[in-house]
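Some notes on the structure that comes next.
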Amino acid sequence: MVAERVVSPVFVGRGEELAALAAALDTAVEQGPAAALVAGEAGIGKSRLLAEFARSLGPGVRVVEGACAELGGDGLPYAPFVTVLRRLIRVEGVLPGPYRQLARWFPELGEAGDAEGGKHRLYEEVLTLVERVAADQPVVVSIEDLHWADAATRELLGFLARNLTQAGVLLAITYRPPETGDGPLGPLLAELARRPRTTTLRLDRLDRQGVARQLAAILGAEPDAAAVRRVHERSDGNPLFVEALARAGERTPDSLRDLLLYGLRSLPGPARELLCLASAAGGRVGHRLLARVAGQDGAELDALLRELVGRSLLVTAGDGYDFRHALIRHAVYEDLLPGERARLHARYTEALRDSGAHAELAAHAYAAGDRGPALSAAYLAADQARRSYAYEEQVGLLDQVLELWDPEARLGADRIDVLIAAAEACMLSGDYARGIDHATAGLAAVDERREPERAAQLLEHRGRLRHRLNATGVSDWERALELLPATPDGVQRGRLLGVLAMGLLPEVDKARELFKEALDVGRRTGDATVTVRGLLGVGSMTRDLGMLAEARTLAERLDSHDLLMTVPMYEATLHGKAGDQDRGIEAARDGIRHARRYGLGRSRGAELARYAGRGLILAGRWDEAAAVLAESLQEDSPPLSRQALRALAGYLSLLRGDLSAAADAAAAVEHTGSGTLFPRYQLLCLLAVAQGDPERADLLLDRALADPALTQIYSSDARPVLVAGALAQRARLAHGASGERVAARQAELAAADAALGVDGRLDRAWQVMLRALIEDDGWDHAVAAWRDLRQPYELALSLFHGARAALAAGDRPGGTDRLREAARLADDLGAAPLAREIALLGRPRPAQDGLTERERDVLRLIAEGLSNRQIAARLHISPSTAGVHVSHILTKLGAATRTEAAAIAFREGSSTM
């Protein structure tokens with residue numbers, strides 16, 4: 001390797017390409033001269049990649065750059081090489097010998113030779129100069145924008161590529177691939193590609209995740225998913241456009257629009273008119289439609305299109321055309337006058353009137369101000385979108401229907417029907433807040449006395465939307481049940497009983513009776529939807545996997561995608577609580593795949609990602625967990641799901657030792673609602689411990705213990721918070737907190753534990769671990785519980801604490817064996833903080849004679865159980881000084897807590913005891 005490389009934290013999305021350039025330079029140094037060809041469209045980041053590569057190399061490598069000029073023809077022969085050689089001669093001070101031909105460019109080299117045979121001699125002198133530089137230290141010769149190179153530059157570059165022999169030379173070349181054919185650049189590129197030790201890189205546009213990382217780097221904060229999606233769509237993943245749009249709203253910034261429109265106004269009039277017409281299409285436009293709207297076809301239209309394609313404004317796309325970049329289309333469209341836009345859309349409306357392309361017709365008629373066709377087309381297009389699982393598109397179209405509503409229109413539905421359909425579409429798309437607005441509008445319009453069933457349907461929808469948004473849907477369901485007659489065969493009532501039961505969980509007794517009643521209604525009436533909800537509820541409460549399997553079969557037979565998403569949630573939950581994380585993960589991932597296949601990735605898919613991510617973390621499959629969480633966080637998921645995903649991602653970052661990422665996640669979830677209440681407490685508490693502030697962790701624990709929701713959630717959700725609190729107490733002792741205060745808090749933790757039930761094998765293992773932490777005993781039981789569940793992190797943590805207890809008790813062989821296994825598990829996981837603690841505990845402890853006399857005095861008082869303040873009073877020193885002594889003692893003895901320090905002192909027979 002030629003040098004240690006450091007990459008700018010703002011540089012994103014090109015890690016593999018940067019590594020490939022580094023490898024190419026290593027090849028040039030170790031094997032012989034090499035080349036790197038970097039291809040990509042304008043703005044894709046070719047120059048930035050080379051700049052970051054140069055920045056990463058440090059002083060051990062010379063980097064000299066030159067660029068071809070956008071002048072065409074032979075206006076500036078050898079332009080990039082003149083710049084490169086000027087840098088070597090005048091900046092680097094390289095003057096290794098006489099250069100008669102180069103002296104024609106650089107007089108400081110001496111007397112210039114005559115022009116006879118000059119070109120061949122010039123090339124030889126350039127070759128000699130570059131090789132002599134490389135003999136001293138590696139050199140990167142960067143030639144940018146080769147697509148603009150004149151013939152002389154191309155010839156000289158080809159000569160160098162064929163004749164370089166000195167190791168340590170890397171030719172780094174950027175260019176835009178030609179659109180049609182190879183052009184004059186083709187033969188040179190082919191020759192360079194055939195040379196040995198040539199690396200070819202093609203820079204692609206950034207995906208949504210890459211755009212998110214670039215926006216985060218630009219803005220200095222994580223952008224919201226909606227902004228990422230908007231910028232990704234408008235920029236097409238082009239980094240230059242992403243940067244320009246980072247702080248812009250919906251309208252293209254003037255500076256960027258001027259750049260995009262540069263040269264367009266020089267287009268011939270007919271070509272410019274055709275480009276404007278294409279911009280009004282809103283995206284890809286088929287050739288036949290474009291010809292019909294343009295009113296021409298044949299050779300004349302082909303010639304105009306060929307010119308637009310040749311200028312890289314349009315590209316062919318299937319049987320039609322699209323803009324090379326969405327932003328070019330936006331800029332062209334925004335440059336139109338309002339009247340021009342309306343007329344162009346009117347032409348599209350007329351051309352599409354009987355085409356059956358309802359969505360396109362709706363968009364163009366709306367933009368043209370033609371309300372009647374826009375209303376009917378939007379209504380038909382919304383139904384098409386529903387049947388193709390495009391729920392977000394359906395929501396937008398139904399919004400248009402409601403905006404254009406005309407009671408005289410013959411749509412076969414009234415306005416309340418449309419509001420119900422819009423609420424349902426919002427539920428499926430994940431836009432829960434908008435769905436609540438639609439359901440509320442429907443309730444304002446419906447007469448409960450005349451149409452109780454319809455009102456109950458709207459209340460059911462609003463309740464489900466509220467429940468998914470912020471877990472507040474119960475009151476709507478209870479009101480809906482009041483509106484319906486209590487008949488034993490009421491299917492609608494049975495469905496409401498099922499959803500109300502789900503909302504009441506974990507109030508087990510209430511929920512159980514409602515689930516049973518719903519199941520009875522479903523069995524009696526033969527309604528599969530009601531039956532599925534009853535089976536899921538009763539099956540999960542009785543841990544009857546057979547009932548869940550029956551529910552899955554019925555949901556598949558119904559082809560109800562929402563129910564097919566609900567079943568794996570119950571399966572994942574049940575398997576997870578039973579400690580079978582692998583089966584829970586499999587169920588959740590199966591649901592995620594189904595959700596994305598049927599347009600539910602943003603809503604139900606995000607909820608299922610919570611189950612998959614948590615299971616993968618517990619199973620020790622951390623790379624998979626990180627991938628699942630990152631992918632789901634790229635979606636604009638609903639608030640509850642997003643906050644839960646962030647909490648999980650932060651927890652994983654914390655376990656891996658990335659405190660910065662964990663702190664960012666904690667900041668994002670610190671003030672969230674009840675849906676992420678206890679995962680949030682767990683993350684914040686453990687983060688405070690990791691940041692060396694156990695008193696803040698204890699304050700957070702105090703809030704959690706005082707929260708009445710602690711007894712209203714599943715114990716399997718509450719106990720991890722109690723475990724985090726118990727770990728905080730051990731950290732408090734290590735930082736000098738009063739033993740009495742810690743003991744009081746541990747008693748509160750024990751009382752909270754006793755007030756909870758036990759919700760499966762996983763919860764039982766958390767309970768065993770919690771009691772071991774409180775009592776500092778029973779670690780073998782905790783180890784056995786986690787080993788049985790095959791959860792490596794919790795197993796390693798229990799082994800570590802068990803080793804500490806064994807060493808404090810004088811059992812060095814037992815402690816060493818536990819530490820060895822814990823170290824292997826932590827290393828395999830990449831649990832850096834735990835691995836460090838294990839390594840520290842495993843180091844030989846210094847003898848107590850390493851303590852000062854004052855530290856021996858303090859240690860004696862620690863053994864008596866005195867707090868820092870009591871020690872300070874006894875020794876007539878300040879409490880802060882006492883705390884410093886305690887910290888030094890713990891470090892010197894290799895102890896984590898005051899209790900452990902006292903135990904070590906007793907074990908080694910200190911004379912001070």
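Residue names in the structure tokens use chain letters A, B, ... in the order shown, residue numbers from 1 in each chain, and ligand numbers from 1 in the order shown.
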Practice task
Compile the contact shell of A:Gln729 as a list in words: residues with an atom at most 10 Å away, counting only C-alpha atoms, same-chain residues fewer than 3 positions apart removed.
Solution key: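 Within the cut-off, the hits are Val689, Pro694, Glu695, Ala697, Asp698, Leu701, Val723, Ala724, Gly725, Ala726, Arg732, Leu733, Ala734, His735, Ala737, Gly739, Arg741, Val742, Ala743, Arg745, Gln746, Leu773, Ile774 and Thr897 of chain A.
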Taking 4 positions as the minimum chain separation for residues in the same chain, which residues sit within 8 Å of A:Ala578 when counting only C-alpha atoms? Answer as a PDB file with all heavy atoms, in the first residue's frame.
```pdb
ATOM      1  N   LEU A 574     -45.437 -14.441  18.536  1.00  0.00           N
ATOM      2  CA  LEU A 574     -45.550 -15.682  19.310  1.00  0.00           C
ATOM      3  C   LEU A 574     -44.226 -16.447  19.307  1.00  0.00           C
ATOM      4  O   LEU A 574     -43.762 -16.914  20.357  1.00  0.00           O
ATOM      5  CB  LEU A 574     -46.663 -16.555  18.725  1.00  0.00           C
ATOM      6  CG  LEU A 574     -47.295 -17.584  19.669  1.00  0.00           C
ATOM      7  CD1 LEU A 574     -47.809 -16.916  20.929  1.00  0.00           C
ATOM      8  CD2 LEU A 574     -48.436 -18.306  18.962  1.00  0.00           C
ATOM      9  N   GLY A 760     -43.720 -15.847  28.437  1.00  0.00           N
ATOM     10  CA  GLY A 760     -42.970 -16.733  27.553  1.00  0.00           C
ATOM     11  C   GLY A 760     -41.531 -16.946  27.987  1.00  0.00           C
ATOM     12  O   GLY A 760     -41.037 -16.340  28.944  1.00  0.00           O
ATOM     13  N   ARG A 761     -40.851 -17.823  27.249  1.00  0.00           N
ATOM     14  CA  ARG A 761     -39.478 -18.213  27.604  1.00  0.00           C
ATOM     15  C   ARG A 761     -38.513 -17.036  27.511  1.00  0.00           C
ATOM     16  O   ARG A 761     -37.590 -16.914  28.324  1.00  0.00           O
ATOM     17  CB  ARG A 761     -38.994 -19.338  26.686  1.00  0.00           C
ATOM     18  CG  ARG A 761     -39.720 -20.667  26.903  1.00  0.00           C
ATOM     19  CD  ARG A 761     -39.315 -21.690  25.858  1.00  0.00           C
ATOM     20  NE  ARG A 761     -37.911 -22.028  25.965  1.00  0.00           N
ATOM     21  CZ  ARG A 761     -37.099 -22.198  24.919  1.00  0.00           C
ATOM     22  NH1 ARG A 761     -37.565 -22.022  23.692  1.00  0.00           N
ATOM     23  NH2 ARG A 761     -35.839 -22.528  25.097  1.00  0.00           N
ATOM     24  N   LEU A 762     -38.689 -16.182  26.516  1.00  0.00           N
ATOM     25  CA  LEU A 762     -37.799 -15.028  26.401  1.00  0.00           C
ATOM     26  C   LEU A 762     -37.941 -14.121  27.607  1.00  0.00           C
ATOM     27  O   LEU A 762     -36.945 -13.669  28.195  1.00  0.00           O
ATOM     28  CB  LEU A 762     -38.114 -14.257  25.114  1.00  0.00           C
ATOM     29  CG  LEU A 762     -37.341 -12.953  24.900  1.00  0.00           C
ATOM     30  CD1 LEU A 762     -35.846 -13.209  24.844  1.00  0.00           C
ATOM     31  CD2 LEU A 762     -37.816 -12.250  23.626  1.00  0.00           C
TER      32      LEU A 762
END
```
Practice task
Measure the distance from atom CA of A:His561 to atom CA of A:Val228 in Å and round it to one decimal.
Solution key: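 Separation of atom CA of A:His561 and atom CA of A:Val228: 27.4 Å.
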Handout entry: A:His461 environment, 10 Å, only C-alpha atoms, sequence neighbours closer than 4 positions dropped, as JSON, numbers by chain
Key = {"A": [420, 423, 424, 426, 427, 435, 436, 438, 439, 440, 455, 456, 457, 465, 466, 467, 473, 476, 477]}
Residue neighbourhood A:Leu380, 10 Å, only C-alpha atoms, exclusion window fewer than 3 positions, as a PDB file with all heavy atoms, in the first residue's frame:
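Written file, result11.pdb:
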```pdb
ATOM      1  N   GLY A 356     -58.655   4.979 -22.522  1.00  0.00           N
ATOM      2  CA  GLY A 356     -58.648   4.076 -21.366  1.00  0.00           C
ATOM      3  C   GLY A 356     -57.504   4.339 -20.408  1.00  0.00           C
ATOM      4  O   GLY A 356     -57.412   3.685 -19.358  1.00  0.00           O
ATOM      5  N   ALA A 357     -56.638   5.311 -20.749  1.00  0.00           N
ATOM      6  CA  ALA A 357     -55.527   5.677 -19.848  1.00  0.00           C
ATOM      7  C   ALA A 357     -56.046   6.718 -18.858  1.00  0.00           C
ATOM      8  O   ALA A 357     -55.769   7.918 -18.962  1.00  0.00           O
ATOM      9  CB  ALA A 357     -54.354   6.224 -20.657  1.00  0.00           C
ATOM     10  N   HIS A 358     -56.842   6.237 -17.904  1.00  0.00           N
ATOM     11  CA  HIS A 358     -57.583   7.158 -17.033  1.00  0.00           C
ATOM     12  C   HIS A 358     -56.674   8.045 -16.184  1.00  0.00           C
ATOM     13  O   HIS A 358     -56.972   9.232 -15.988  1.00  0.00           O
ATOM     14  CB  HIS A 358     -58.518   6.358 -16.130  1.00  0.00           C
ATOM     15  CG  HIS A 358     -59.496   5.518 -16.873  1.00  0.00           C
ATOM     16  ND1 HIS A 358     -60.384   6.042 -17.795  1.00  0.00           N
ATOM     17  CD2 HIS A 358     -59.734   4.162 -16.856  1.00  0.00           C
ATOM     18  CE1 HIS A 358     -61.132   5.080 -18.300  1.00  0.00           C
ATOM     19  NE2 HIS A 358     -60.748   3.929 -17.747  1.00  0.00           N
ATOM     20  N   ALA A 359     -55.567   7.500 -15.670  1.00  0.00           N
ATOM     21  CA  ALA A 359     -54.693   8.304 -14.807  1.00  0.00           C
ATOM     22  C   ALA A 359     -54.066   9.448 -15.585  1.00  0.00           C
ATOM     23  O   ALA A 359     -54.005  10.591 -15.101  1.00  0.00           O
ATOM     24  CB  ALA A 359     -53.622   7.417 -14.192  1.00  0.00           C
ATOM     25  N   ALA A 362     -56.759  12.008 -16.405  1.00  0.00           N
ATOM     26  CA  ALA A 362     -57.127  12.788 -15.216  1.00  0.00           C
ATOM     27  C   ALA A 362     -56.112  13.889 -14.953  1.00  0.00           C
ATOM     28  O   ALA A 362     -56.470  15.029 -14.648  1.00  0.00           O
ATOM     29  CB  ALA A 362     -57.241  11.866 -14.002  1.00  0.00           C
ATOM     30  N   LEU A 375     -62.657  14.837 -13.243  1.00  0.00           N
ATOM     31  CA  LEU A 375     -63.339  14.150 -12.147  1.00  0.00           C
ATOM     32  C   LEU A 375     -63.614  12.690 -12.495  1.00  0.00           C
ATOM     33  O   LEU A 375     -63.242  11.779 -11.743  1.00  0.00           O
ATOM     34  CB  LEU A 375     -64.647  14.872 -11.820  1.00  0.00           C
ATOM     35  CG  LEU A 375     -65.581  14.175 -10.818  1.00  0.00           C
ATOM     36  CD1 LEU A 375     -64.899  13.979  -9.478  1.00  0.00           C
ATOM     37  CD2 LEU A 375     -66.871  14.981 -10.661  1.00  0.00           C
ATOM     38  N   SER A 376     -64.249  12.448 -13.614  1.00  0.00           N
ATOM     39  CA  SER A 376     -64.615  11.068 -13.953  1.00  0.00           C
ATOM     40  C   SER A 376     -63.384  10.219 -14.221  1.00  0.00           C
ATOM     41  O   SER A 376     -63.327   9.050 -13.822  1.00  0.00           O
ATOM     42  CB  SER A 376     -65.546  11.069 -15.175  1.00  0.00           C
ATOM     43  OG  SER A 376     -64.937  11.707 -16.280  1.00  0.00           O
ATOM     44  N   ALA A 377     -62.374  10.787 -14.894  1.00  0.00           N
ATOM     45  CA  ALA A 377     -61.155  10.020 -15.169  1.00  0.00           C
ATOM     46  C   ALA A 377     -60.418   9.693 -13.877  1.00  0.00           C
ATOM     47  O   ALA A 377     -59.876   8.590 -13.709  1.00  0.00           O
ATOM     48  CB  ALA A 377     -60.248  10.804 -16.117  1.00  0.00           C
ATOM     49  N   ASP A 383     -59.718   3.472  -9.139  1.00  0.00           N
ATOM     50  CA  ASP A 383     -60.065   2.053  -9.073  1.00  0.00           C
ATOM     51  C   ASP A 383     -58.991   1.209  -9.750  1.00  0.00           C
ATOM     52  O   ASP A 383     -58.642   0.132  -9.261  1.00  0.00           O
ATOM     53  CB  ASP A 383     -61.420   1.819  -9.737  1.00  0.00           C
ATOM     54  CG  ASP A 383     -61.912   0.388  -9.521  1.00  0.00           C
ATOM     55  OD1 ASP A 383     -62.053  -0.019  -8.350  1.00  0.00           O
ATOM     56  OD2 ASP A 383     -62.119  -0.325 -10.516  1.00  0.00           O
ATOM     57  N   GLN A 384     -58.430   1.692 -10.859  1.00  0.00           N
ATOM     58  CA  GLN A 384     -57.325   0.985 -11.500  1.00  0.00           C
ATOM     59  C   GLN A 384     -56.124   0.895 -10.561  1.00  0.00           C
ATOM     60  O   GLN A 384     -55.470  -0.152 -10.475  1.00  0.00           O
ATOM     61  CB  GLN A 384     -56.922   1.699 -12.795  1.00  0.00           C
ATOM     62  CG  GLN A 384     -57.877   1.508 -13.955  1.00  0.00           C
ATOM     63  CD  GLN A 384     -57.374   2.182 -15.219  1.00  0.00           C
ATOM     64  OE1 GLN A 384     -56.636   3.163 -15.162  1.00  0.00           O
ATOM     65  NE2 GLN A 384     -57.781   1.655 -16.371  1.00  0.00           N
ATOM     66  N   ALA A 385     -55.836   1.989  -9.885  1.00  0.00           N
ATOM     67  CA  ALA A 385     -54.700   2.000  -8.962  1.00  0.00           C
ATOM     68  C   ALA A 385     -54.918   1.008  -7.818  1.00  0.00           C
ATOM     69  O   ALA A 385     -53.996   0.297  -7.407  1.00  0.00           O
ATOM     70  CB  ALA A 385     -54.487   3.410  -8.404  1.00  0.00           C
ATOM     71  N   LEU A 397     -55.429  10.269  -6.320  1.00  0.00           N
ATOM     72  CA  LEU A 397     -56.532  10.380  -7.269  1.00  0.00           C
ATOM     73  C   LEU A 397     -57.856  10.631  -6.559  1.00  0.00           C
ATOM     74  O   LEU A 397     -58.689  11.424  -7.025  1.00  0.00           O
ATOM     75  CB  LEU A 397     -56.604   9.113  -8.116  1.00  0.00           C
ATOM     76  CG  LEU A 397     -55.467   8.959  -9.147  1.00  0.00           C
ATOM     77  CD1 LEU A 397     -55.351   7.522  -9.614  1.00  0.00           C
ATOM     78  CD2 LEU A 397     -55.711   9.899 -10.334  1.00  0.00           C
ATOM     79  N   LEU A 398     -58.082   9.963  -5.423  1.00  0.00           N
ATOM     80  CA  LEU A 398     -59.312  10.195  -4.669  1.00  0.00           C
ATOM     81  C   LEU A 398     -59.342  11.603  -4.076  1.00  0.00           C
ATOM     82  O   LEU A 398     -60.409  12.220  -3.964  1.00  0.00           O
ATOM     83  CB  LEU A 398     -59.476   9.130  -3.586  1.00  0.00           C
ATOM     84  CG  LEU A 398     -59.788   7.725  -4.107  1.00  0.00           C
ATOM     85  CD1 LEU A 398     -59.780   6.717  -2.968  1.00  0.00           C
ATOM     86  CD2 LEU A 398     -61.135   7.687  -4.833  1.00  0.00           C
ATOM     87  N   VAL A 401     -60.618  13.617  -6.821  1.00  0.00           N
ATOM     88  CA  VAL A 401     -62.063  13.432  -6.957  1.00  0.00           C
ATOM     89  C   VAL A 401     -62.802  14.305  -5.941  1.00  0.00           C
ATOM     90  O   VAL A 401     -63.789  14.984  -6.263  1.00  0.00           O
ATOM     91  CB  VAL A 401     -62.444  11.950  -6.780  1.00  0.00           C
ATOM     92  CG1 VAL A 401     -63.959  11.780  -6.681  1.00  0.00           C
ATOM     93  CG2 VAL A 401     -61.894  11.115  -7.928  1.00  0.00           C
ATOM     94  N   LEU A 411     -71.121   8.944 -11.063  1.00  0.00           N
ATOM     95  CA  LEU A 411     -69.983   8.079 -10.789  1.00  0.00           C
ATOM     96  C   LEU A 411     -70.399   6.729 -10.208  1.00  0.00           C
ATOM     97  O   LEU A 411     -69.571   5.837 -10.064  1.00  0.00           O
ATOM     98  CB  LEU A 411     -69.023   8.762  -9.793  1.00  0.00           C
ATOM     99  CG  LEU A 411     -68.404  10.090 -10.239  1.00  0.00           C
ATOM    100  CD1 LEU A 411     -67.495  10.630  -9.150  1.00  0.00           C
ATOM    101  CD2 LEU A 411     -67.633   9.923 -11.533  1.00  0.00           C
TER     102      LEU A 411
END
```
Exercise for the section: Select, from A:Leu618, A:Glu775, A:Ala644, A:Arg552, the residue with the minimum atom-to-atom distance to A:Ala587, counting only C-alpha atoms. Expected result: A:Arg552
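Excluding A:Asp828 and any residue on its chain fewer than 3 positions from it, the residues at most 12 Å away by only C-alpha atoms are Gly620, Arg621, Trp622, Asp623, Arg656, Pro792, Tyr793, Ala796, Glu821, Ala822, Ala823, Arg824, Leu825, Ala831, Ala832, Leu834 and Ala835 of chain A.
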Handout entry: A:Pro638 surroundings by only C-alpha atoms, 10 Å radius, close-in-sequence under 4 positions cut, as JSON, numbers by chain
Key = {"A": [429, 430, 431, 432, 433, 468, 469, 470, 602, 603, 604, 606, 607, 642, 643]}
Stretch 173-392 of chain A: which residues are strand (DSSP E or B) by DSSP, as a compact mmCIF listing (two decimals) with C-alpha atoms, in the first residue's frame?
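As written to disk, states-v1.txt reads:
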```
# COMPACT_ATOMS: atom_id res chain seq x y z
CA ILE A 173 -9.20 9.43 -16.94
CA THR A 174 -12.81 10.63 -16.78
CA TYR A 175 -15.24 10.85 -19.67
CA THR A 198 -6.62 -1.08 -16.72
CA THR A 199 -9.55 -0.59 -14.33
CA THR A 200 -12.85 0.56 -15.82
CA LEU A 201 -15.44 2.17 -13.54
CA ARG A 202 -18.95 3.23 -14.50
CA VAL A 285 -44.37 9.52 -23.42
CA GLY A 286 -45.11 6.94 -26.10
CA LEU A 314 -34.26 12.97 -24.46
CA VAL A 315 -33.51 9.25 -24.37
CA THR A 316 -35.42 6.42 -25.95
CA ALA A 317 -37.49 4.45 -23.43
CA GLY A 320 -41.34 6.16 -26.48
CA TYR A 321 -39.13 8.83 -25.00
CA ASP A 322 -38.19 10.29 -21.65
CA PHE A 323 -36.02 13.14 -20.48
```
Practice task
Output as number ranges by chain all residues of stretch 530-757 of chain A that backbone DSSP marks as helix (DSSP H, G or I).
Solution key: A: 530-541, 545-558, 561-577, 581-597, 601-618, 622-633, 639-656, 659-669, 674-690, 694-706, 708-711, 715-734, 739-755
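Among the candidates A:His781, A:Arg386, A:Arg132, A:Arg62, the residue lying nearest to A:Leu428 is A:Arg386 (atoms considered: only C-alpha atoms).
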Exercise for the section: Just give me the gap between atom CA of A:Gly298 and atom CA of A:Tyr333 in Å, one decimal is fine. Expected result: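 Spanning atom CA of A:Gly298 to atom CA of A:Tyr333 is a straight-line distance of 25.4 Å.
When only C-alpha atoms are used to measure the gap to A:Leu261, the shortest distance among A:Asp335, A:Arg230, A:Val242, A:Tyr681 belongs to A:Asp335.
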Problem - Test item: residues at most 10 Å from stretch 405-407 of chain A, only C-alpha atoms, excluding those fewer than 5 positions along its chain, as a list in words - result: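 Listing them by chain and then by number gives Arg371, Gly372, Leu375, Ser376, Asp399, Gln400, Ala413, Asp414, Arg415 and Val418 of chain A.
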